[in-house]
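> Structure supplied as target-v5.txt; contents: compact mmCIF, C-alpha atoms.
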# COMPACT_ATOMS: atom_id res chain seq x y z
CA MET A 105 0.00 0.00 0.00
CA ILE A 106 1.22 3.48 -0.84
CA LEU A 107 0.05 6.41 1.24
CA GLY A 108 0.80 10.07 0.62
CA TYR A 109 0.76 12.52 3.51
CA ALA A 110 -0.89 15.93 3.24
CA TYR A 111 -2.23 18.88 5.19
CA PRO A 112 -5.88 19.85 4.77
CA TRP A 113 -4.89 23.33 3.57
CA ASP A 114 -3.00 21.73 0.67
CA PHE A 115 -6.43 21.20 -0.93
CA ASP A 116 -8.02 24.50 0.09
CA GLY A 117 -8.23 26.65 -3.03
CA ASP A 118 -6.47 24.08 -5.23
CA PRO A 119 -9.01 21.97 -7.13
CA ALA A 120 -6.20 20.02 -8.84
CA ALA A 121 -4.54 18.79 -5.64
CA ALA A 122 -6.68 15.69 -5.12
CA THR A 123 -6.38 14.74 -8.78
CA ARG A 124 -2.58 15.04 -8.56
CA ALA A 125 -2.53 12.63 -5.62
CA ALA A 126 -4.63 10.11 -7.52
CA GLU A 127 -2.63 10.41 -10.74
CA LEU A 128 0.57 9.99 -8.76
CA GLY A 129 -0.51 6.47 -7.88
CA CYS A 130 -1.30 6.76 -4.17
CA ASP A 131 -3.78 4.28 -2.70
CA ALA A 132 -4.86 6.67 0.05
CA VAL A 133 -3.97 10.01 1.59
CA VAL A 134 -3.02 10.43 5.24
CA LEU A 135 -4.56 13.81 5.99
CA ALA A 136 -3.69 15.85 9.08
CA ALA A 137 -6.73 16.06 11.35
CA THR A 138 -4.58 17.65 14.06
CA TYR A 139 -1.19 19.28 13.66
CA HIS A 140 1.27 21.45 15.56
CA ALA A 141 2.37 24.98 14.72
CA SER A 142 4.40 25.19 11.52
CA ARG A 143 5.41 27.27 8.53
CA THR A 144 4.78 25.33 5.34
CA VAL A 145 5.38 25.82 1.66
CA SER A 146 2.83 25.27 -1.13
CA PRO A 147 4.95 25.11 -4.30
CA LEU A 148 2.15 23.92 -6.61
CA HIS A 149 -0.76 25.89 -5.17
CA PRO A 150 -2.31 28.25 -7.76
CA THR A 151 -2.67 31.30 -5.48
CA ARG A 152 -0.08 31.06 -2.67
CA ARG A 153 3.35 29.74 -1.81
CA MET A 154 3.44 29.85 2.01
CA VAL A 155 1.08 28.99 4.86
CA GLU A 156 1.83 30.28 8.36
CA VAL A 157 0.23 28.08 11.02
CA PRO A 158 0.95 29.78 14.37
CA VAL A 159 -0.95 27.39 16.63
CA SER A 160 -1.49 23.67 17.08
CA ALA A 161 -5.05 22.84 16.11
CA ALA A 162 -7.68 20.31 15.13
CA TYR A 163 -9.02 20.57 11.57
CA VAL A 164 -12.32 18.83 12.28
CA PRO A 165 -15.23 20.27 14.28
CA LEU A 166 -14.97 19.19 17.92
CA ARG A 167 -18.03 18.69 20.09
CA PRO A 168 -17.94 21.10 23.07
CA GLU A 169 -19.60 18.53 25.32
CA ALA A 170 -16.72 16.10 24.83
CA TRP A 171 -14.28 18.65 26.27
CA ARG A 172 -16.41 20.27 28.94
CA GLY A 173 -14.55 20.62 32.24
CA ARG A 174 -11.18 19.76 30.68
CA ARG A 175 -8.00 21.79 31.00
CA LEU A 176 -6.59 20.31 27.82
CA VAL A 177 -8.71 21.27 24.83
CA PRO A 178 -7.34 21.45 21.25
CA SER A 179 -6.95 24.96 19.85
CA ARG A 180 -9.14 26.20 17.04
CA PRO A 181 -7.33 26.51 13.71
CA VAL A 182 -6.27 29.71 12.01
CA ALA A 183 -4.95 27.99 8.86
CA PRO A 184 -6.94 28.12 5.60
CA GLY A 185 -10.19 26.21 5.77
CA GLY A 186 -10.59 26.32 9.55
CA ASP A 187 -12.09 23.35 11.35
CA GLY A 188 -13.88 22.32 8.18
CA ALA A 189 -10.65 21.93 6.24
CA PHE A 190 -10.30 18.20 6.85
CA GLY A 191 -13.84 17.47 5.68
CA GLU A 192 -13.50 19.56 2.53
CA ALA A 193 -10.23 17.84 1.59
CA GLN A 194 -11.69 14.43 2.43
CA ARG A 195 -14.59 15.04 0.04
CA ALA A 196 -12.27 16.20 -2.73
CA LEU A 197 -10.13 13.09 -2.31
CA ALA A 198 -13.21 10.86 -2.43
CA VAL A 199 -14.24 12.42 -5.74
CA ALA A 200 -10.73 11.64 -7.02
CA GLY A 201 -11.18 8.02 -5.93
CA LEU A 202 -8.92 8.10 -2.88
CA ASP A 203 -9.57 6.96 0.68
CA THR A 204 -8.54 9.21 3.57
CA ALA A 205 -6.86 8.24 6.83
CA ALA A 206 -6.81 10.72 9.71
CA TRP A 207 -3.30 11.77 10.73
CA ILE A 208 -3.37 12.66 14.43
CA VAL A 209 -0.43 14.24 16.26
CA VAL A 210 -1.11 13.16 19.84
CA THR A 211 1.21 14.69 22.46
CA HIS A 212 2.80 17.56 20.51
CA HIS A 213 0.75 20.70 21.19
CA ASP A 214 2.45 24.08 21.44
CA GLU A 215 -0.11 26.19 23.32
CA LEU A 216 -1.46 23.63 25.78
CA GLY A 217 1.98 23.04 27.23
CA LEU A 218 2.56 26.75 27.70
CA ALA A 219 -0.78 27.09 29.45
CA ASN A 220 -0.29 23.97 31.61
CA PRO A 221 3.39 23.74 32.54
CA ASP A 222 2.74 21.05 35.14
CA LEU A 223 1.77 18.62 32.35
CA VAL A 224 4.82 18.91 30.09
CA VAL A 225 8.12 17.07 29.84
CA ARG A 226 10.89 18.56 32.02
CA ASN A 227 14.53 17.64 31.67
CA ALA A 228 17.11 17.02 34.40
CA TYR A 229 17.73 20.76 34.71
CA GLY A 230 14.04 21.46 35.26
CA ASP A 231 13.66 23.07 31.83
CA PRO A 232 10.11 22.63 30.48
CA TYR A 233 9.49 21.42 26.93
CA SER A 234 6.31 23.36 26.36
CA TYR A 235 5.42 21.57 23.12
CA ALA A 236 5.60 18.14 24.82
CA LEU A 237 2.59 16.97 26.82
CA CYS A 238 3.84 14.18 29.08
CA PRO A 239 1.76 10.98 28.85
CA SER A 240 2.75 9.86 32.35
CA SER A 241 -0.07 12.17 33.48
CA SER A 242 -3.57 10.68 33.49
CA GLU A 243 -4.87 14.06 32.32
CA VAL A 244 -2.71 13.86 29.19
CA ARG A 245 -3.78 10.28 28.52
CA GLU A 246 -7.44 11.30 28.83
CA TYR A 247 -6.79 14.16 26.41
CA ALA A 248 -5.19 11.76 23.92
CA VAL A 249 -8.05 9.28 24.07
CA THR A 250 -10.65 12.03 23.66
CA LEU A 251 -8.70 13.60 20.80
CA VAL A 252 -8.50 10.38 18.79
CA THR A 253 -12.09 9.29 19.41
CA GLU A 254 -13.47 12.75 18.60
CA VAL A 255 -11.50 12.97 15.35
CA ILE A 256 -12.95 9.62 14.30
CA ALA A 257 -16.47 10.70 15.25
CA ALA A 258 -16.17 14.00 13.38
CA SER A 259 -14.53 12.63 10.24
CA GLY A 260 -16.07 9.19 9.87
CA VAL A 261 -12.71 7.67 8.92
CA ASP A 262 -12.03 4.00 9.47
CA ARG A 263 -8.25 4.39 9.63
CA VAL A 264 -6.10 6.61 11.83
CA VAL A 265 -2.36 7.23 11.75
CA LEU A 266 -0.92 8.21 15.13
CA GLU A 267 2.19 10.38 15.33
CA ALA A 268 3.86 11.25 18.66
CA CYS A 269 1.70 8.72 20.51
CA GLY A 270 4.14 8.58 23.40
CA PRO A 271 6.61 10.89 25.13
CA MET A 272 8.16 13.76 23.25
CA GLY A 273 11.80 14.60 23.92
CA LEU A 274 14.45 17.13 23.02
CA ALA A 275 14.14 16.66 19.28
CA HIS A 276 11.21 17.79 17.09
CA SER A 277 10.61 20.76 19.28
CA GLY A 278 9.37 24.31 18.98
CA VAL A 279 8.93 26.83 16.22
CA HIS A 280 12.19 28.30 14.85
CA ASP A 281 14.18 25.77 16.85
CA LYS A 282 17.87 26.42 17.59
CA VAL A 283 18.78 23.20 19.41
CA GLY A 284 20.96 22.08 16.50
CA PHE A 285 23.57 24.69 17.39
CA ALA A 286 24.60 22.62 20.43
CA GLY A 287 25.70 19.71 18.28
CA TYR A 288 24.27 17.16 20.70
CA GLY A 289 24.91 13.53 19.83
CA GLU A 290 22.42 10.70 20.34
CA VAL A 291 23.43 10.06 23.95
CA ALA A 292 22.96 13.70 24.96
CA VAL A 293 19.61 13.87 23.19
CA ASP A 294 18.46 10.70 24.98
CA LEU A 295 19.57 12.05 28.36
CA LEU A 296 17.90 15.41 27.81
CA SER A 297 14.70 13.64 26.76
CA ILE A 298 14.21 11.93 30.14
CA CYS A 299 11.25 13.60 31.84
CA PHE A 300 11.21 14.81 35.45
CA CYS A 301 7.68 16.20 35.62
CA SER A 302 5.95 15.40 38.92
CA SER A 303 4.22 12.35 37.49
CA CYS A 304 7.37 10.87 35.94
CA ALA A 305 9.36 11.63 39.08
CA SER A 306 6.77 9.75 41.13
CA GLN A 307 7.02 6.75 38.82
CA PHE A 308 10.81 6.72 39.06
CA ALA A 309 10.60 6.95 42.85
CA ALA A 310 8.08 4.11 42.99
CA ARG A 311 10.69 1.94 41.25
CA GLY A 312 13.31 2.79 43.81
CA LEU A 313 15.19 5.57 42.02
CA ASP A 314 16.42 8.71 43.75
CA THR A 315 15.19 11.29 41.24
CA GLU A 316 17.50 14.03 42.47
CA GLU A 317 20.48 11.73 42.06
CA LEU A 318 19.26 10.64 38.62
CA ALA A 319 18.99 14.28 37.53
CA ARG A 320 22.43 15.01 38.96
CA ARG A 321 23.96 12.13 36.98
CA ILE A 322 22.42 13.44 33.79
CA ARG A 323 23.66 16.98 34.38
CA THR A 324 27.12 15.66 35.19
CA HIS A 325 27.49 13.37 32.18
CA VAL A 326 25.33 14.91 29.46
CA ASP A 327 28.28 16.52 27.68
CA THR A 328 30.78 13.66 28.04
CA ALA A 329 29.11 10.25 28.27
CA GLN A 330 29.66 7.86 25.39
CA SER A 331 26.60 5.75 26.24
CA PHE A 332 23.36 5.87 28.19
CA ASP A 333 24.59 3.14 30.53
CA GLU A 334 27.84 4.98 31.20
CA ALA A 335 25.96 8.12 32.17
CA LEU A 336 23.45 6.53 34.50
CA GLY A 337 24.99 3.21 35.49
CA VAL A 338 23.71 -0.06 34.06
CA ASP A 339 21.11 -0.81 36.74
CA VAL A 340 19.68 2.71 36.85
CA ALA A 341 19.62 2.90 33.05
CA ARG A 342 17.60 -0.32 32.91
CA VAL A 343 15.00 1.01 35.36
CA VAL A 344 14.76 4.31 33.46
CA ARG A 345 14.24 2.48 30.16
CA ASP A 346 11.64 0.14 31.63
CA THR A 347 9.74 3.01 33.26
CA ARG A 348 9.64 5.05 30.10
CA ALA A 349 8.56 2.02 28.04
CA GLU A 350 5.67 1.47 30.44
CA ILE A 351 4.64 5.13 30.17
CA ALA A 352 4.54 4.88 26.37
CA ALA A 353 2.65 1.58 26.47
CA GLU A 354 0.04 2.95 28.89
CA LEU A 355 -0.81 5.81 26.54
CA GLN A 356 -0.84 3.66 23.40
CA LEU A 357 -2.99 0.94 24.96
CA ALA A 358 -5.41 3.51 26.42
CA VAL A 359 -6.00 4.89 22.92
CA LEU A 360 -6.38 1.43 21.40
CA ASP A 361 -8.80 0.35 24.13
CA ALA A 362 -11.06 3.31 23.30
CA LEU A 363 -11.41 2.51 19.59
CA ALA A 364 -13.87 0.23 17.88
CA PRO A 365 -12.41 -2.94 16.30
CA SER A 366 -13.49 -1.61 12.90
CA VAL A 367 -10.95 1.24 13.09
CA ALA A 368 -7.57 0.36 11.60
CA VAL A 369 -4.76 1.94 13.61
CA THR A 370 -1.33 2.76 12.22
CA ILE A 371 1.29 4.01 14.64
CA HIS A 372 4.58 5.76 13.96
CA GLY A 373 7.02 4.00 16.23
CA SER A 374 10.40 2.61 17.11
CA LEU A 375 11.80 -0.27 19.12
CA THR A 376 14.80 1.79 20.19
CA PRO A 377 14.62 1.86 24.02
CA GLY A 378 13.56 5.28 25.23
CA ALA A 379 12.75 6.62 21.77
CA THR A 380 10.73 9.85 21.92
CA GLY A 381 9.16 12.34 19.54
CA SER A 382 7.29 11.57 16.34
CA PHE A 383 8.41 7.93 16.50
CA PRO A 384 8.27 7.01 20.19
CA GLU A 385 9.04 3.60 21.58
CA VAL A 386 6.23 1.12 20.90
CA GLY A 387 5.09 -0.41 24.16
CA ALA A 388 4.64 -4.07 25.00
CA GLY A 389 1.42 -5.52 23.62
CA VAL A 390 0.88 -2.71 21.09
CA LEU A 391 2.25 -4.28 17.91
CA ASP A 392 -0.26 -7.14 18.09
CA ARG A 393 -3.15 -4.67 18.17
CA VAL A 394 -2.33 -2.25 15.35
CA SER A 395 -2.86 -2.70 11.64
CA ALA A 396 0.54 -1.23 10.80
CA VAL A 397 3.62 0.24 12.42
CA VAL A 398 5.68 2.79 10.51
CA ALA A 399 9.45 3.09 10.89
CA ASN A 400 11.31 6.36 10.56
CA ALA A 401 13.20 5.99 7.26
CA TRP A 402 14.03 9.68 6.77
CA ARG A 403 17.74 9.15 7.43
CA GLU A 404 19.56 6.66 5.23
CA ALA A 405 22.02 5.79 8.02
CA SER A 406 19.45 4.85 10.66
CA ALA A 407 16.58 3.58 8.51
CA PRO A 408 17.81 -0.04 8.06
CA GLY A 409 18.18 -0.53 11.81
CA GLU A 410 14.77 0.94 12.60
CA ILE A 411 13.11 -1.21 9.95
CA ALA A 412 14.96 -4.40 10.92
CA ALA A 413 14.05 -4.10 14.60
CA LEU A 414 10.35 -3.67 13.85
CA ALA A 415 10.42 -6.42 11.21
CA ARG A 416 11.63 -8.90 13.82
CA ALA A 417 8.80 -7.95 16.17
CA VAL A 418 5.68 -7.60 14.02
CA GLY A 419 3.31 -10.48 13.59
CA ALA A 420 1.78 -11.84 10.41
CA ASN A 421 -1.25 -9.56 10.70
CA THR A 422 0.66 -6.30 11.17
CA HIS A 423 1.98 -4.35 8.19
CA LEU A 424 5.39 -2.68 8.31
CA GLY A 425 5.67 0.78 6.79
CA ALA A 426 8.62 3.00 5.91
CA TYR A 427 8.21 6.76 6.25
CA VAL A 428 10.31 8.38 3.53
CA ARG A 429 11.03 12.03 2.79
CA LEU A 430 11.41 12.44 -0.96
CA ASP A 431 12.79 15.97 -1.23
CA ARG A 432 16.48 15.03 -1.04
CA GLY A 433 18.81 12.16 -1.87
CA TRP A 434 16.42 10.10 -3.99
CA ASP A 435 17.85 9.84 -7.48
CA ASP A 436 16.93 6.80 -9.60
CA GLU A 437 19.79 4.74 -8.26
CA ALA A 438 18.88 5.46 -4.64
CA ILE A 439 15.21 4.67 -5.26
CA GLU A 440 16.04 1.29 -6.81
CA ALA A 441 18.51 0.37 -4.07
CA ARG A 442 16.57 1.50 -1.02
CA VAL A 443 13.17 0.25 -2.13
CA ALA A 444 14.74 -3.14 -2.76
CA GLN A 445 16.56 -3.08 0.58
CA TYR A 446 13.56 -2.02 2.65
CA ALA A 447 11.15 -4.36 0.87
CA SER A 448 13.51 -7.28 1.42
CA ALA A 449 13.56 -6.38 5.12
CA GLY A 450 9.77 -6.68 5.30
CA VAL A 451 8.35 -3.28 4.36
CA ASP A 452 5.00 -3.63 2.59
CA GLU A 453 3.65 -0.11 3.08
CA TRP A 454 5.23 3.11 1.82
CA HIS A 455 4.40 6.35 3.60
CA LEU A 456 5.42 9.30 1.42
CA TYR A 457 6.14 12.71 2.92
CA HIS A 458 4.71 15.06 1.68
CA LEU A 459 2.28 15.63 -1.21
CA GLY A 460 1.66 19.33 -0.60
CA LEU A 461 5.27 20.26 0.10
CA LEU A 462 6.88 18.76 -3.00
CA PRO A 463 7.46 20.88 -6.12
CA ALA A 464 6.99 19.46 -9.60
CA GLY A 465 10.42 17.82 -9.54
CA GLY A 466 9.64 16.23 -6.18
CA LEU A 467 6.40 14.78 -7.51
CA ALA A 468 8.34 13.29 -10.41
CA THR A 469 10.60 11.61 -7.86
CA ALA A 470 7.55 10.35 -5.98
CA ARG A 471 6.07 9.00 -9.20
CA ARG A 472 9.26 7.07 -9.95
CA PHE A 473 9.38 5.84 -6.35
CA ILE A 474 5.84 4.50 -6.64
CA GLU A 475 6.63 2.80 -9.95
CA VAL A 476 9.57 0.99 -8.38
CA ALA A 477 7.56 0.04 -5.30
CA ARG A 478 4.86 -1.45 -7.53
CA GLU A 479 7.50 -3.42 -9.36
CA ARG A 480 8.54 -4.85 -5.99
CA GLY A 481 5.05 -6.24 -5.57
CA VAL A 482 3.26 -3.61 -3.48
CA SER A 483 -0.43 -4.11 -4.12
Show me the file's structure as structure tokens.


Amino acid sequence: MILGYAYPWDFDGDPAAATRAAELGCDAVVLAATYHASRTVSPLHPTRRMVEVPVSAAYVPLRPEAWRGRRLVPSRPVAPGGDGAFGEAQRALAVAGLDTAAWIVVTHHDELGLANPDLVVRNAYGDPYSYALCPSSSEVREYAVTLVTEVIAASGVDRVVLEACGPMGLAHSGVHDKVGFAGYGEVAVDLLSICFCSSCASQFAARGLDTEELARRIRTHVDTAQSFDEALGVDVARVVRDTRAEIAAELQLAVLDALAPSVAVTIHGSLTPGATGSFPEVGAGVLDRVSAVVANAWREASAPGEIAALARAVGANTHLGAYVRLDRGWDDEAIEARVAQYASAGVDEWHLYHLGLLPAGGLATARRFIEVARERGVS
């Protein structure tokens, strides 16, 4: 199966957008029903080139009664199309012969974290990550369940794709982010992604960890440690990993428990211990209950490992997807080689980022990619 990702505003004011997706050869479009703040380009739109999206928002109408009495309520959109944008794009795609899946960004919300600092991820220094709602909190888990179920009710979709369904970390952070200047390696990013909000601290303490000592170890070793275990000590590192895996699993299973069996669930995920962000660690018992799991294949260096780990874990009834970004590094030779490599490793779904962001040359690359994937037997 080949799925192209898109924002609802990609179709607002562009009657040719849905037809382009169909002619490209996509089987379905994964359409953002919720999304965080962003600044996006529209290189093929007939009347604009940029869309400024200053707030996280839901692009389907949300029932007030479902959110009454809640602190965490999705923001209303200011992007083109408003909260009817998803429905309008969904109808256009249906006319073009394409199914729509609802793309839901679960724990990344820019304004809610600012307004509720007690519910966000905090690092070992006490710094809040305002974009990162921490799923160790029952209030955040309730928000996530309500968000997913309300999107399904409003849109009528029978397939959802969950991004950031787990803890967020240092990476994939705020608007106009400058974290890259620090040059942090993977170990530092992992250490600075460990959460010390009150709920997470309580869970660490319940497992026998001294949270102040844990934070001190991180602050001491964040700039020098060559491994997670070196920074924390093997035994402490194991407890931290296990705790964080349980936090991710609790959120993911709570969402799955709330959905009808008729809803197909795809989750962006990783089996890297402690993984956070758009592709958080997939918790125990989750892979057997989703229709598909999608590996992060944006980076050529890390993609084979991410795919291989998930391929070893998925069962016969769970599809394995690769999430590829087609705007760089995909000449004909790379397409042939990587499609063959990933397909041989078990990938049978291709998730293409991003239909509305690619210029004409990028769509030509996507078209060639799809041709090669079909040749490899994708149905």

> Between CA of Ala426 in chain A and CA of His140 in chain A, what is the distance in Å, rounded to a tenth?

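These atoms are spaced 22.1 Å apart.
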
> What's the separation between CA of Arg167 in chain A and CA of Ala200 in chain A, in Å to one decimal place?

28.9 Å

> Which residue, A:Cys238, A:Ala405, A:Leu459, A:Val394, has the smallest gap to Ala126 in chain A when you use all atoms listed in the file?

A:Leu459

> Which residues, written as a ChimeraX atom specification, have at least one atom at most 10 Å from Arg393 in chain A, with only C-alpha atoms counted and residues fewer than 2 positions away on the same chain left out?

/A:357,360-361,365,368-370,389-391,395-396,419,421-422

> When you look at range 131-133 of chain A with a cut-off of 10 Å (counting only C-alpha atoms), what residues show up, excluding the ones that are within fewer than 6 positions of it in the same chain? I need them as an mmCIF file with C-alpha atoms, in the coordinates of the input.


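Result went into selection.cif, see below:
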data_model
loop_
_atom_site.group_PDB
_atom_site.id
_atom_site.type_symbol
_atom_site.label_atom_id
_atom_site.label_comp_id
_atom_site.auth_asym_id
_atom_site.auth_seq_id
_atom_site.Cartn_x
_atom_site.Cartn_y
_atom_site.Cartn_z
ATOM 1 C CA MET A 105 0.000 0.000 0.000
ATOM 2 C CA ILE A 106 1.220 3.480 -0.840
ATOM 3 C CA LEU A 107 0.050 6.410 1.240
ATOM 4 C CA GLY A 108 0.800 10.070 0.620
ATOM 5 C CA TYR A 109 0.760 12.520 3.510
ATOM 6 C CA ALA A 110 -0.890 15.930 3.240
ATOM 7 C CA TYR A 111 -2.230 18.880 5.190
ATOM 8 C CA ALA A 122 -6.680 15.690 -5.120
ATOM 9 C CA ALA A 125 -2.530 12.630 -5.620
ATOM 10 C CA GLN A 194 -11.690 14.430 2.430
ATOM 11 C CA LEU A 197 -10.130 13.090 -2.310
ATOM 12 C CA ALA A 198 -13.210 10.860 -2.430
ATOM 13 C CA GLY A 201 -11.180 8.020 -5.930
ATOM 14 C CA LEU A 202 -8.920 8.100 -2.880
ATOM 15 C CA ASP A 203 -9.570 6.960 0.680
ATOM 16 C CA THR A 204 -8.540 9.210 3.570
ATOM 17 C CA ALA A 205 -6.860 8.240 6.830
ATOM 18 C CA ALA A 206 -6.810 10.720 9.710
ATOM 19 C CA TRP A 207 -3.300 11.770 10.730
ATOM 20 C CA HIS A 455 4.400 6.350 3.600
ATOM 21 C CA LEU A 456 5.420 9.300 1.420
ATOM 22 C CA LEU A 459 2.280 15.630 -1.210
ATOM 23 C CA SER A 483 -0.430 -4.110 -4.120
#

> I'd like the neighbourhood of range 465-471 of chain A as number ranges by chain, where a residue qualifies if any of its atoms comes within 9 Å (using all atoms listed in the file), though same-chain residues fewer than 5 positions away should be ignored.

A: 127-129, 430-432, 434-436, 439, 456, 459, 476

> Measuring atom to atom with all atoms listed in the file, identify which of A:Gly284, A:Pro178, A:Gly191, A:Pro184 is nearest to Val164 in chain A.

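Ranking A:Gly284, A:Pro178, A:Gly191, A:Pro184 by distance to Val164 in chain A, first place goes to A:Gly191.
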
> In Å, how far is it from CA of Ala196 in chain A to CA of Cys130 in chain A?

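These atoms are spaced 14.5 Å apart.
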
> Using all atoms listed in the file, collect all residues at a distance of at most 9 Å from (-5.4, 25.8, -1.6) as written in the file, then present them as a ChimeraX atom specification.

/A:112-119,121,146,149-152,184-185

> Which of these residues is nearest to Pro232 in chain A, using all atoms listed in the file: A:Leu296, A:Ala137, A:Ala464, A:Val145?

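For Pro232 in chain A, the nearest of the given residues is A:Leu296.
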
> Using all atoms listed in the file, determine which residues lie at most 6 Å from Ala401 in chain A, disregarding the query and same-chain residues fewer than 6 positions distant; provide the list as number ranges by chain.

A: 407, 426-428

> Can I get the residues of range 157-187 of chain A within 12 Å of range 211-230 of chain A, each with the closest pair of atoms and their distance in Å to one decimal, using only C-alpha atoms, sorted chain first then ascending number, as a tab-separated table?


residue	atom	partner	partner_atom	distance
A:Val157	CA	A:Asp214	CA	11.4
A:Pro158	CA	A:Asp214	CA	9.2
A:Val159	CA	A:Asp214	CA	6.8
A:Ser160	CA	A:His213	CA	5.5
A:Ala161	CA	A:His213	CA	8.0
A:Ala162	CA	A:His213	CA	10.4
A:Arg174	CA	A:Leu216	CA	11.6
A:Arg175	CA	A:Asn220	CA	8.0
A:Leu176	CA	A:Leu216	CA	6.4
A:Val177	CA	A:Leu216	CA	7.7
A:Pro178	CA	A:Leu216	CA	7.7
A:Ser179	CA	A:Glu215	CA	7.8
A:Arg180	CA	A:Glu215	CA	11.0

> Include C-alpha atoms and write out the residues we just selected as a PDB file, in the coordinates of the input.


ATOM      1  CA  VAL A 157       0.230  28.080  11.020  1.00  0.00           C
ATOM      2  CA  PRO A 158       0.950  29.780  14.370  1.00  0.00           C
ATOM      3  CA  VAL A 159      -0.950  27.390  16.630  1.00  0.00           C
ATOM      4  CA  SER A 160      -1.490  23.670  17.080  1.00  0.00           C
ATOM      5  CA  ALA A 161      -5.050  22.840  16.110  1.00  0.00           C
ATOM      6  CA  ALA A 162      -7.680  20.310  15.130  1.00  0.00           C
ATOM      7  CA  ARG A 174     -11.180  19.760  30.680  1.00  0.00           C
ATOM      8  CA  ARG A 175      -8.000  21.790  31.000  1.00  0.00           C
ATOM      9  CA  LEU A 176      -6.590  20.310  27.820  1.00  0.00           C
ATOM     10  CA  VAL A 177      -8.710  21.270  24.830  1.00  0.00           C
ATOM     11  CA  PRO A 178      -7.340  21.450  21.250  1.00  0.00           C
ATOM     12  CA  SER A 179      -6.950  24.960  19.850  1.00  0.00           C
ATOM     13  CA  ARG A 180      -9.140  26.200  17.040  1.00  0.00           C
TER      14      ARG A 180
END

> For a quick check of your reading of the model, name the residues lying within 10 Å of the coordinate (-6.2, 9.1, 20.7), counting all atoms listed in the file, and write them as a ChimeraX atom specification.

/A:208-211,245-256,264-266,269,355-363

> For Gly273 in chain A, work out the shell of residues within 7 Å, counting all atoms listed in the file and skipping chain neighbours fewer than 4 positions away, then give it as a ChimeraX atom specification.

/A:297,380-381

> So which one's closest to Val244 in chain A, A:Ala141, A:Val155, A:Ala449, A:Ala352? Using only C-alpha atoms, please.

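Distance minimum relative to Val244 in chain A lands on A:Ala352.
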
> Could you check which of A:Asn400, A:Thr123, A:Thr347, A:Ser142 is closest to Tyr457 in chain A, using all atoms listed in the file?

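For Tyr457 in chain A, the nearest of the candidates is A:Asn400.
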
> Between A:Glu267, A:Glu440, A:Glu453, A:Asp333, which is the closest to Pro384 in chain A once you count all atoms listed in the file?

A:Glu267
